[in-house]
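Peer 1: Sharing start15.pdb here; it has PDB, C-alpha atoms.
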```pdb
ATOM      1  CA  CYS J   1     -68.130  27.688  -8.933
ATOM      2  CA  CYS J   2     -66.218  25.109  -6.961
ATOM      3  CA  CYS J   3     -63.908  24.553  -9.916
ATOM      4  CA  CYS J   4     -63.300  28.296 -10.192
ATOM      5  CA  CYS J   5     -62.514  28.527  -6.509
ATOM      6  CA  CYS J   6     -60.103  25.608  -6.740
ATOM      7  CA  CYS J   7     -58.349  27.176  -9.712
ATOM      8  CA  CYS J   8     -58.018  30.487  -7.898
ATOM      9  CA  CYS J   9     -56.619  28.756  -4.827
ATOM     10  CA  CYS J  10     -54.135  26.810  -6.935
ATOM     11  CA  ARG J  11     -52.986  29.953  -8.691
ATOM     12  CA  SER J  12     -52.610  31.746  -5.360
ATOM     13  CA  CYS J  13     -50.611  28.880  -3.870
ATOM     14  CA  PHE J  14     -48.399  28.694  -6.949
ATOM     15  CA  PHE J  15     -47.801  32.445  -6.768
ATOM     16  CA  LEU J  16     -46.928  32.304  -3.069
ATOM     17  CA  VAL J  17     -44.573  29.343  -3.516
ATOM     18  CA  SER J  18     -42.864  31.047  -6.468
ATOM     19  CA  LEU J  19     -42.501  34.249  -4.466
ATOM     20  CA  LEU J  20     -40.988  32.374  -1.513
ATOM     21  CA  LEU J  21     -38.539  30.550  -3.775
ATOM     22  CA  LEU J  22     -37.542  33.834  -5.403
ATOM     23  CA  LEU J  23     -36.967  35.484  -2.027
ATOM     24  CA  LEU J  24     -34.911  32.502  -0.866
ATOM     25  CA  LEU J  25     -32.787  32.636  -4.004
ATOM     26  CA  LEU J  26     -32.193  36.372  -3.583
ATOM     27  CA  SER J  27     -31.234  35.821   0.045
ATOM     28  CA  LEU J  28     -28.660  33.184  -0.929
ATOM     29  CA  VAL J  29     -27.209  35.435  -3.630
ATOM     30  CA  VAL J  30     -26.922  38.388  -1.245
ATOM     31  CA  THR J  31     -25.357  36.207   1.460
ATOM     32  CA  PHE J  32     -22.814  34.763  -0.968
ATOM     33  CA  ASP J  33     -22.006  38.190  -2.390
ATOM     34  CA  ARG J  34     -21.561  39.656   1.082
ATOM     35  CA  GLY J  35     -19.292  36.769   2.067
ATOM     36  CA  VAL J  36     -17.142  37.204  -1.041
ATOM     37  CA  ARG J  37     -16.921  40.949  -0.525
ATOM     38  CA  ASP J  38     -15.947  40.452   3.118
ATOM     39  CA  ILE J  39     -13.001  38.216   2.242
ATOM     40  CA  PRO J  40     -10.837  40.928   0.587
ATOM     41  CA  ALA J  41     -11.523  43.224   3.522
ATOM     42  CA  MET J  42     -10.478  40.484   5.927
ATOM     43  CA  ALA J  43      -7.445  39.619   3.821
ATOM     44  CA  GLY J  44      -6.498  43.281   3.708
ATOM     45  CA  ILE J  45      -4.433  42.745   0.583
ATOM     46  CA  SER J  46      -6.356  43.659  -2.551
ATOM     47  CA  SER J  47      -9.961  44.317  -3.491
ATOM     48  CA  ASP J  48      -9.124  43.377  -7.082
ATOM     49  CA  VAL J  49      -8.405  39.723  -6.320
ATOM     50  CA  ASP J  50     -10.616  37.204  -8.133
ATOM     51  CA  SER J  51     -13.576  36.292  -5.886
ATOM     52  CA  GLU J  52     -13.407  32.569  -6.690
ATOM     53  CA  LEU J  53      -9.706  32.529  -5.815
ATOM     54  CA  LEU J  54     -10.407  34.244  -2.497
ATOM     55  CA  THR J  55     -13.073  31.666  -1.739
ATOM     56  CA  THR J  56     -10.514  28.916  -2.416
ATOM     57  CA  PHE J  57      -7.978  30.647  -0.162
ATOM     58  CA  ASN J  58     -10.567  30.943   2.575
ATOM     59  CA  GLU J  59     -11.508  27.266   2.334
ATOM     60  CA  CYS J  60      -7.824  26.246   2.478
ATOM     61  CA  GLY J  61      -7.199  28.314   5.629
ATOM     62  CA  VAL J  62      -4.815  30.667   3.821
ATOM     63  CA  ILE J  63      -6.468  33.929   4.893
ATOM     64  CA  LYS J  64      -5.485  35.029   8.403
ATOM     65  CA  ASP J  65      -6.835  37.908  10.478
ATOM     66  CA  SER J  66      -3.364  38.400  11.940
ATOM     67  CA  THR J  67       0.172  37.453  10.900
ATOM     68  CA  PRO J  68       1.626  34.472  12.850
ATOM     69  CA  GLY J  69       4.154  35.831  15.335
ATOM     70  CA  LEU J  70       3.504  39.436  14.230
ATOM     71  CA  SER J  71       0.106  40.285  15.660
ATOM     72  CA  ASP J  72       0.606  44.019  15.071
ATOM     73  CA  ALA J  73       1.340  43.465  11.353
ATOM     74  CA  GLY J  74      -2.311  42.927  10.506
ATOM     75  CA  PRO J  75      -3.904  40.295   8.253
ATOM     76  CA  CYS J  76      -2.008  38.106   5.808
ATOM     77  CA  TRP J  77      -2.118  35.126   3.489
ATOM     78  CA  SER J  78      -0.247  32.113   4.871
ATOM     79  CA  PHE J  79       0.523  29.159   2.591
ATOM     80  CA  VAL J  80       1.768  26.146   4.580
ATOM     81  CA  THR J  81       2.661  22.699   3.260
ATOM     82  CA  SER J  82       4.423  19.710   4.770
ATOM     83  CA  GLN J  83       5.969  16.501   3.560
ATOM     84  CA  SER J  84       6.798  13.334   5.486
ATOM     85  CA  THR J  85       8.153  10.232   3.813
ATOM     86  CA  SER J  86      10.315   7.168   4.434
ATOM     87  CA  PHE J  87      12.292   5.118   1.936
ATOM     88  CA  GLY J  88      15.142   2.612   1.721
ATOM     89  CA  ASP J  89      15.741  -1.115   2.294
ATOM     90  CA  VAL J  90      19.071  -1.696   4.083
ATOM     91  CA  GLU J  91      18.931   1.841   5.406
ATOM     92  CA  THR J  92      15.723   3.690   6.241
ATOM     93  CA  VAL J  93      15.624   7.413   5.568
ATOM     94  CA  ASP J  94      12.892   9.537   7.170
ATOM     95  CA  VAL J  95      12.323  12.958   5.630
ATOM     96  CA  GLU J  96      10.143  15.706   7.096
ATOM     97  CA  MET J  97       9.663  19.203   5.671
ATOM     98  CA  LEU J  98       7.513  22.169   6.740
ATOM     99  CA  HIS J  99       7.286  25.166   4.416
ATOM    100  CA  GLN J 100       5.507  28.509   4.993
ATOM    101  CA  LEU J 101       5.131  31.488   2.663
ATOM    102  CA  VAL J 102       3.469  34.564   4.171
ATOM    103  CA  LEU J 103       2.216  37.566   2.192
ATOM    104  CA  LEU J 104       1.410  40.581   4.362
ATOM    105  CA  SER J 105      -1.181  43.183   3.468
ATOM    106  CA  ASP J 106       1.470  45.927   3.152
ATOM    107  CA  GLY J 107       3.415  44.132   0.402
ATOM    108  CA  ARG J 108       5.992  42.299   2.533
ATOM    109  CA  ALA J 109       6.761  38.639   1.814
ATOM    110  CA  MET J 110       8.413  36.238   4.261
ATOM    111  CA  LEU J 111       9.378  32.608   3.902
ATOM    112  CA  LYS J 112      10.604  29.991   6.353
ATOM    113  CA  LYS J 113      11.316  26.283   5.949
ATOM    114  CA  SER J 114      12.472  23.472   8.219
ATOM    115  CA  TYR J 115      13.877  20.258   6.802
ATOM    116  CA  GLN J 116      14.926  17.119   8.644
ATOM    117  CA  THR J 117      16.337  13.755   7.583
ATOM    118  CA  GLU J 118      17.146  10.758   9.785
ATOM    119  CA  THR J 119      18.909   7.639   8.484
ATOM    120  CA  TYR J 120      18.673   4.342  10.379
ATOM    121  CA  GLY J 121      20.382   0.998   9.826
ATOM    122  CA  GLN J 122      23.945   2.233   9.794
ATOM    123  CA  ASN J 123      26.548   2.942  12.440
ATOM    124  CA  PRO J 124      26.799   5.692  13.446
ATOM    125  CA  PHE J 125      23.248   7.064  13.065
ATOM    126  CA  ASP J 126      23.146   9.890  10.522
ATOM    127  CA  GLY J 127      20.809  12.840  10.903
ATOM    128  CA  ASN J 128      20.520  16.308   9.447
ATOM    129  CA  ARG J 129      18.413  19.395  10.110
ATOM    130  CA  LYS J 130      18.231  22.481   7.957
ATOM    131  CA  TRP J 131      16.438  25.796   8.358
ATOM    132  CA  GLU J 132      15.896  28.371   5.622
ATOM    133  CA  MET J 133      14.322  31.826   5.602
ATOM    134  CA  ALA J 134      13.886  34.757   3.244
ATOM    135  CA  GLU J 135      12.134  38.093   3.088
ATOM    136  CA  GLY J 136      11.326  40.739   0.506
ATOM    137  CA  THR J 137       8.314  42.168  -1.269
ATOM    138  CA  TYR J 138       5.670  40.917  -3.686
ATOM    139  CA  THR J 139       3.119  42.102  -6.239
ATOM    140  CA  LEU J 140      -0.048  40.373  -7.436
ATOM    141  CA  GLU J 141      -1.116  39.991 -11.060
ATOM    142  CA  ASP J 142      -3.956  38.364 -13.006
ATOM    143  CA  GLY J 143      -6.578  38.821 -10.304
ATOM    144  CA  GLY J 144      -4.214  37.624  -7.585
ATOM    145  CA  LYS J 145      -3.493  34.309  -9.292
ATOM    146  CA  VAL J 146       0.145  35.208  -9.959
ATOM    147  CA  CYS J 147       2.536  36.419  -7.269
ATOM    148  CA  LYS J 148       5.862  38.005  -8.209
ATOM    149  CA  LEU J 149       8.438  37.907  -5.421
ATOM    150  CA  ALA J 150      11.448  40.194  -5.015
ATOM    151  CA  TRP J 151      13.690  38.760  -2.313
ATOM    152  CA  LYS J 152      15.990  41.099  -0.359
ATOM    153  CA  ALA J 153      17.548  38.611   2.064
ATOM    154  CA  HIS J 154      18.030  34.832   2.120
ATOM    155  CA  ALA J 155      19.796  32.707   4.741
ATOM    156  CA  GLU J 156      20.060  29.146   5.995
ATOM    157  CA  ALA J 157      21.476  27.101   8.861
ATOM    158  CA  GLU J 158      22.346  23.420   8.974
ATOM    159  CA  GLN J 159      23.270  20.854  11.618
ATOM    160  CA  LYS J 160      24.390  17.271  11.309
ATOM    161  CA  GLY J 161      24.528  14.447  13.823
ATOM    162  CA  TYR J 162      22.235  12.474  16.105
ATOM    163  CA  LYS J 163      22.239  14.903  19.021
ATOM    164  CA  GLU J 164      21.395  17.932  16.885
ATOM    165  CA  VAL J 165      18.489  16.150  15.219
ATOM    166  CA  ARG J 166      17.008  14.979  18.499
ATOM    167  CA  GLU J 167      17.821  18.188  20.366
ATOM    168  CA  PRO J 168      17.895  21.000  17.785
ATOM    169  CA  ALA J 169      17.658  23.919  20.229
ATOM    170  CA  ALA J 170      21.394  24.581  20.608
ATOM    171  CA  VAL J 171      22.317  26.207  17.305
ATOM    172  CA  ALA J 172      25.512  28.240  17.199
ATOM    173  CA  ALA J 173      25.260  31.854  16.114
ATOM    174  CA  ASP J 174      27.636  31.231  13.216
ATOM    175  CA  ALA J 175      25.450  28.372  11.934
ATOM    176  CA  TRP J 176      23.421  30.921   9.985
ATOM    177  CA  THR J 177      24.907  32.019   6.655
ATOM    178  CA  SER J 178      23.642  34.486   4.082
ATOM    179  CA  LYS J 179      22.855  32.949   0.707
ATOM    180  CA  GLY J 180      22.397  36.242  -1.088
ATOM    181  CA  VAL J 181      19.862  37.079  -3.780
ATOM    182  CA  ASP J 182      20.616  37.978  -7.360
ATOM    183  CA  GLY J 183      17.953  38.251 -10.031
ATOM    184  CA  ASP J 184      16.082  34.951 -10.235
ATOM    185  CA  SER J 185      18.153  33.308  -7.507
ATOM    186  CA  GLY J 186      16.709  32.828  -4.065
ATOM    187  CA  PRO J 187      14.939  30.230  -1.954
ATOM    188  CA  ALA J 188      13.077  27.430  -3.689
ATOM    189  CA  ILE J 189       9.315  27.959  -3.585
ATOM    190  CA  TRP J 190       8.058  24.365  -3.520
ATOM    191  CA  ILE J 191       9.169  23.529  -7.057
ATOM    192  CA  GLY J 192      12.141  25.814  -7.692
ATOM    193  CA  PRO J 193      13.695  29.253  -7.200
ATOM    194  CA  ASN J 194      11.471  30.923  -9.813
ATOM    195  CA  PRO J 195      10.379  34.254  -8.265
ATOM    196  CA  THR J 196       6.964  33.979  -9.950
ATOM    197  CA  VAL J 197       4.456  31.741  -8.157
ATOM    198  CA  ASN J 198       1.005  30.770  -9.453
ATOM    199  CA  LEU J 199      -1.021  30.899  -6.239
ATOM    200  CA  GLN J 200      -4.071  29.319  -7.839
ATOM    201  CA  GLU J 201      -2.106  26.255  -8.996
ATOM    202  CA  LEU J 202      -0.374  26.168  -5.619
ATOM    203  CA  CYS J 203      -3.683  25.886  -3.770
ATOM    204  CA  GLN J 204      -5.067  23.358  -6.234
ATOM    205  CA  GLY J 205      -1.975  21.171  -5.971
ATOM    206  CA  TYR J 206      -1.593  21.377  -2.186
ATOM    207  CA  GLU J 207      -5.200  21.922  -1.075
ATOM    208  CA  SER J 208      -5.385  19.021   1.381
ATOM    209  CA  GLN J 209      -1.966  19.881   2.833
ATOM    210  CA  MET J 210      -2.894  23.534   3.342
ATOM    211  CA  LYS J 211      -6.114  22.627   5.121
ATOM    212  CA  ARG J 212      -4.245  20.179   7.357
ATOM    213  CA  ASN J 213      -1.352  22.563   8.110
ATOM    214  CA  ALA J 214      -3.233  25.876   8.173
ATOM    215  CA  GLU J 215      -2.239  26.641  11.779
ATOM    216  CA  ARG J 216       1.345  25.336  11.609
ATOM    217  CA  SER J 217       4.474  27.477  11.446
ATOM    218  CA  PRO J 218       8.110  26.236  11.536
ATOM    219  CA  GLU J 219      10.511  27.730  14.085
ATOM    220  CA  MET J 220      13.830  29.160  12.944
ATOM    221  CA  ILE J 221      16.358  28.126  15.606
ATOM    222  CA  GLY J 222      19.121  30.204  17.258
ATOM    223  CA  LEU J 223      18.165  33.656  16.003
ATOM    224  CA  THR J 224      18.602  37.052  17.672
ATOM    225  CA  GLU J 225      18.006  40.596  16.455
ATOM    226  CA  ASP J 226      21.741  41.044  15.855
ATOM    227  CA  ILE J 227      21.973  37.841  13.818
ATOM    228  CA  LEU J 228      18.986  38.864  11.712
ATOM    229  CA  GLU J 229      20.436  42.293  10.969
ATOM    230  CA  GLY J 230      23.804  40.758  10.148
ATOM    231  CA  LEU J 231      22.088  38.545   7.562
ATOM    232  CA  GLY J 232      20.321  41.508   5.967
ATOM    233  CA  PHE J 233      16.923  40.874   7.570
ATOM    234  CA  SER J 234      14.763  43.287   9.530
ATOM    235  CA  LYS J 235      15.158  42.765  13.277
ATOM    236  CA  ASP J 236      11.471  43.687  13.619
ATOM    237  CA  HIS J 237      10.621  40.324  12.051
ATOM    238  CA  LEU J 238      12.352  38.238  14.749
ATOM    239  CA  SER J 239       9.101  37.234  16.433
ATOM    240  CA  PHE J 240       7.829  35.832  13.122
ATOM    241  CA  TYR J 241      10.900  33.710  12.447
ATOM    242  CA  ILE J 242      11.082  32.212  15.938
ATOM    243  CA  TYR J 243       7.322  31.666  16.154
ATOM    244  CA  LYS J 244       6.254  28.011  16.192
ATOM    245  CA  SER J 245       2.834  26.384  16.126
TER     246      SER J 245
END
```
Now that the file is in, can you turn its structure into structure tokens?
Peer 2:
Amino acid sequence: CCCCCCCCCCRSCFFLVSLLLLLLLLSLVVTFDRGVRDIPAMAGISSDVDSELLTTFNECGVIKDSTPGLSDAGPCWSFVTSQSTSFGDVETVDVEMLHQLVLLSDGRAMLKKSYQTETYGQNPFDGNRKWEMAEGTYTLEDGGKVCKLAWKAHAEAEQKGYKEVREPAAVAADAWTSKGVDGDSGPAIWIGPNPTVNLQELCQGYESQMKRNAERSPEMIGLTEDILEGLGFSKDHLSFYIYKS
């Protein structure tokens, strides 16, 4: 009888443990599924985007509840990378670049880049700063992995000299020039001007940079609504281009 009782108790304990493990597993699955389903809603871009890709975007800090500098524009995806390097023997060249591509939930795409070089060891000191921006539209393909960009406006400004590098705020209005867009031409997206960007490869290749720079945004210097319109940009986007963080 004692053996029977022990067997019954063991079977009951095994059943209870199995049931608890099953409930725990179901809870984890439901939680994960809810989290994945919440990401497209938060991104506000597409419910057809691959769930694993959205999880990667979320981990990299790409998904934003609001657009930097355009709080009334709603959520967006913001891809930000940076590069800082030094090289040279007789002369030392410092290079710093900050690059941001933003995809808004309504199909708008905006890009801005700041680029700075400083060369030491020569007389006079040589420095250069360059700003670049573009805007247009985009479409997503292959579960959101591929982004096709159609640029409508592209412009850049450049300054040379020690003072401008150290104090870049005073940029003349005529420093900005339109670069135009024609077919595949346009601003370089990390690797080149190809209007098709593989967002999955982008995140995989720049994952650590995106996590580190998730809250950064380069400021485009010396812009006004009139300058933007003259370059073919929407004046409503001014607050985005001059936003810095």
Peer 1: Convert the output of the PyMOL selection byres ((chain J and resi 210) around 7) on the shown file into explicit residues, formatted as a PyMOL selection string.
Peer 2: chain J and resi 60-61+79-81+206-209+211-214
Peer 1: Have a look at J:Ile63, J:Ala157, J:Ser78, J:Thr117 and name the one nearest to Glu132 of chain J; count only C-alpha atoms.
Peer 2: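 Selected residue with least distance to Glu132 of chain J: J:Ala157.
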Peer 1: To one decimal place, how far is atom CA of Thr177 of chain J from atom CA of Ile242 of chain J in Å?
Peer 2: 16.7 Å
Peer 1: Taking the file above as input, evaluate the PyMOL selection byres ((chain J and resi 104-112) around 9) and report the hits as a VMD selection string.
Peer 2: chain J and resid 43 to 46 67 73 to 78 98 to 103 113 to 114 131 to 139 149 to 151 187 189 217 to 220 240 to 241
Peer 1: At a cut-off of 8 Å, using only C-alpha atoms, what residues contact segment 226-238 of chain J? Leave out same-chain residues fewer than 5 positions from it and give the result as a list in words.
Peer 2: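 Here the answer would be Leu70, Glu135, Lys152, Ala153, His154, Ala155, Ala173, Thr177 and Ser178 of chain J.
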Peer 1: Any chance you can output those residues with C-alpha atoms as a short mmCIF file (atom, residue, chain, number, x, y, z; two decimals), in the frame of the given file?
Peer 2:
```cif
data_model
loop_
_atom_site.label_atom_id
_atom_site.label_comp_id
_atom_site.auth_asym_id
_atom_site.auth_seq_id
_atom_site.Cartn_x
_atom_site.Cartn_y
_atom_site.Cartn_z
CA LEU J 70 3.50 39.44 14.23
CA GLU J 135 12.13 38.09 3.09
CA LYS J 152 15.99 41.10 -0.36
CA ALA J 153 17.55 38.61 2.06
CA HIS J 154 18.03 34.83 2.12
CA ALA J 155 19.80 32.71 4.74
CA ALA J 173 25.26 31.85 16.11
CA THR J 177 24.91 32.02 6.66
CA SER J 178 23.64 34.49 4.08
#
```
Peer 1: Any chance you could resolve the PyMOL selection byres ((chain J and resi 196) around 6) against this file and give the residues as a PyMOL selection string?
Peer 2: chain J and resi 147-148+194-195+197
Peer 1: For atom CA of Tyr115 of chain J and atom CA of Leu140 of chain J, determine how far apart the two atoms are, in Å to one decimal place.
Peer 2: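 About the pair atom CA of Tyr115 of chain J and atom CA of Leu140 of chain J: they are 28.3 Å apart.
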